[in-house]
Amino acid sequence: MRARATDLVVTGRTLRFLGRRFPCTLGRGGVSATKREGDGATPRGRHRLIGMLYRPDRIARPADWALPIRPRDIWSDDPADPDYNLMGTFPRATSHERLFRADRLYDLVILTDWNWPYAVKGRGSAIFIHRWRKPGHPTEGCVALAPGHLSWIAPRIRHSTRLVVLG
């Protein structure tokens, strides 16, 4: 799998970007070529970056194309939901993840195109790049970084930047 110099490249517990290396954490289920909803795995492959979200009450806008997270924003993770793997608003009867969190994990979120825009039911919902809970603490499948590293990376992402997960 070829990576470009402008890609975010994940190998093991390291993410490379623009000649720098950053420690990162991945899903509790490891890296998988057969990602499924709830398996906790980070999907192997090349993933386009499709958006950036941030909490305007906590941080400054990290890039001119970043969109604010509002108190009612959610991400559907329920394969039975017609809006599976899409952003929506609360309240919602189906399973979802609140984006406006009490903790700081989603103060800055970079969205990937994993199973998007036409989600295959059960293949797994959103894979984000976000702040880690603590070094070495696994995610539910996302890629997580130290807050300062994520803040350094965010404004340097370009339209052509991809997340490349090698394993």
# chains A, B, ... in the order shown; residues from 1 in each chain; ligands from 1
>>> select_by_dssp(residues="chain A", states="alpha helix (DSSP H)", output="compact mmCIF listing (two decimals) with N, CA and C atoms, in the first residue's frame")
# COMPACT_ATOMS: atom_id res chain seq x y z
N PRO A 147 -3.24 15.58 22.72
CA PRO A 147 -3.92 16.81 22.29
C PRO A 147 -3.02 17.79 21.53
N GLY A 148 -1.80 17.99 21.99
CA GLY A 148 -0.89 18.91 21.32
C GLY A 148 -0.50 18.44 19.93
N HIS A 149 -0.34 17.13 19.76
CA HIS A 149 0.00 16.59 18.45
C HIS A 149 -1.18 16.74 17.48
N LEU A 150 -2.38 16.44 17.97
CA LEU A 150 -3.58 16.59 17.15
C LEU A 150 -3.75 18.05 16.72
N SER A 151 -3.50 18.96 17.64
CA SER A 151 -3.61 20.40 17.33
C SER A 151 -2.56 20.85 16.32
N TRP A 152 -1.39 20.22 16.33
CA TRP A 152 -0.35 20.55 15.35
C TRP A 152 -0.72 20.02 13.97
N ILE A 153 -1.27 18.82 13.93
CA ILE A 153 -1.62 18.17 12.67
C ILE A 153 -2.81 18.84 11.98
>>> select_by_dssp(residues="region 37-135 of chain A", states="strand (DSSP E or B)", output="number ranges by chain")
A: 42-43, 45-54, 67-68, 73-76, 87-89, 96-98, 108-112, 128-131
>>> write_last_selection(atoms="C-alpha atoms", output="PDB file, in the first residue's frame")
ATOM      1  CA  THR A  42      -9.147   0.002  13.443  1.00  0.00           C
ATOM      2  CA  PRO A  43      -9.657  -0.751   9.744  1.00  0.00           C
ATOM      3  CA  GLY A  45      -6.358   0.640   4.427  1.00  0.00           C
ATOM      4  CA  ARG A  46      -6.377   4.103   2.891  1.00  0.00           C
ATOM      5  CA  HIS A  47      -9.096   6.414   4.161  1.00  0.00           C
ATOM      6  CA  ARG A  48      -9.903   9.857   2.791  1.00  0.00           C
ATOM      7  CA  LEU A  49     -10.354  12.660   5.301  1.00  0.00           C
ATOM      8  CA  ILE A  50     -13.833  14.083   4.793  1.00  0.00           C
ATOM      9  CA  GLY A  51     -14.267  16.614   7.548  1.00  0.00           C
ATOM     10  CA  MET A  52     -13.139  18.200  10.771  1.00  0.00           C
ATOM     11  CA  LEU A  53     -15.264  19.044  13.814  1.00  0.00           C
ATOM     12  CA  TYR A  54     -14.374  21.045  16.904  1.00  0.00           C
ATOM     13  CA  LEU A  67     -17.298  22.809  11.558  1.00  0.00           C
ATOM     14  CA  PRO A  68     -18.484  23.386  15.142  1.00  0.00           C
ATOM     15  CA  ASP A  73     -24.888  16.607  17.658  1.00  0.00           C
ATOM     16  CA  ILE A  74     -24.568  12.807  17.506  1.00  0.00           C
ATOM     17  CA  TRP A  75     -23.126  10.122  15.231  1.00  0.00           C
ATOM     18  CA  SER A  76     -25.347   7.104  14.517  1.00  0.00           C
ATOM     19  CA  MET A  87     -24.018  12.771  11.833  1.00  0.00           C
ATOM     20  CA  GLY A  88     -27.396  13.797  13.216  1.00  0.00           C
ATOM     21  CA  THR A  89     -28.995  15.413  16.225  1.00  0.00           C
ATOM     22  CA  HIS A  96     -25.581   6.752  18.748  1.00  0.00           C
ATOM     23  CA  GLU A  97     -22.546   8.505  20.122  1.00  0.00           C
ATOM     24  CA  ARG A  98     -22.820  12.037  21.471  1.00  0.00           C
ATOM     25  CA  LEU A 108     -11.230  18.139  17.837  1.00  0.00           C
ATOM     26  CA  VAL A 109     -12.323  15.337  15.501  1.00  0.00           C
ATOM     27  CA  ILE A 110     -11.045  14.527  12.025  1.00  0.00           C
ATOM     28  CA  LEU A 111     -13.561  12.425  10.090  1.00  0.00           C
ATOM     29  CA  THR A 112     -12.577   9.635   7.697  1.00  0.00           C
ATOM     30  CA  PHE A 128     -12.293   9.341  13.728  1.00  0.00           C
ATOM     31  CA  ILE A 129      -8.908  10.793  14.524  1.00  0.00           C
ATOM     32  CA  HIS A 130      -9.311  12.357  17.955  1.00  0.00           C
ATOM     33  CA  ARG A 131      -7.634  13.083  21.271  1.00  0.00           C
TER      34      ARG A 131
END
>>> residues_around(residues="region 139-141 of chain A", least_positions_apart="2", cutoff="7 Å", atoms="only C-alpha atoms", output="number ranges by chain")
A: 25-28, 40-42, 127, 137, 143
>>> closest_residue(among="A:Pro91, A:Ala154, A:Gly12, A:Ala146", to="Arg133 (chain A)", atoms="only C-alpha atoms")
A:Ala146
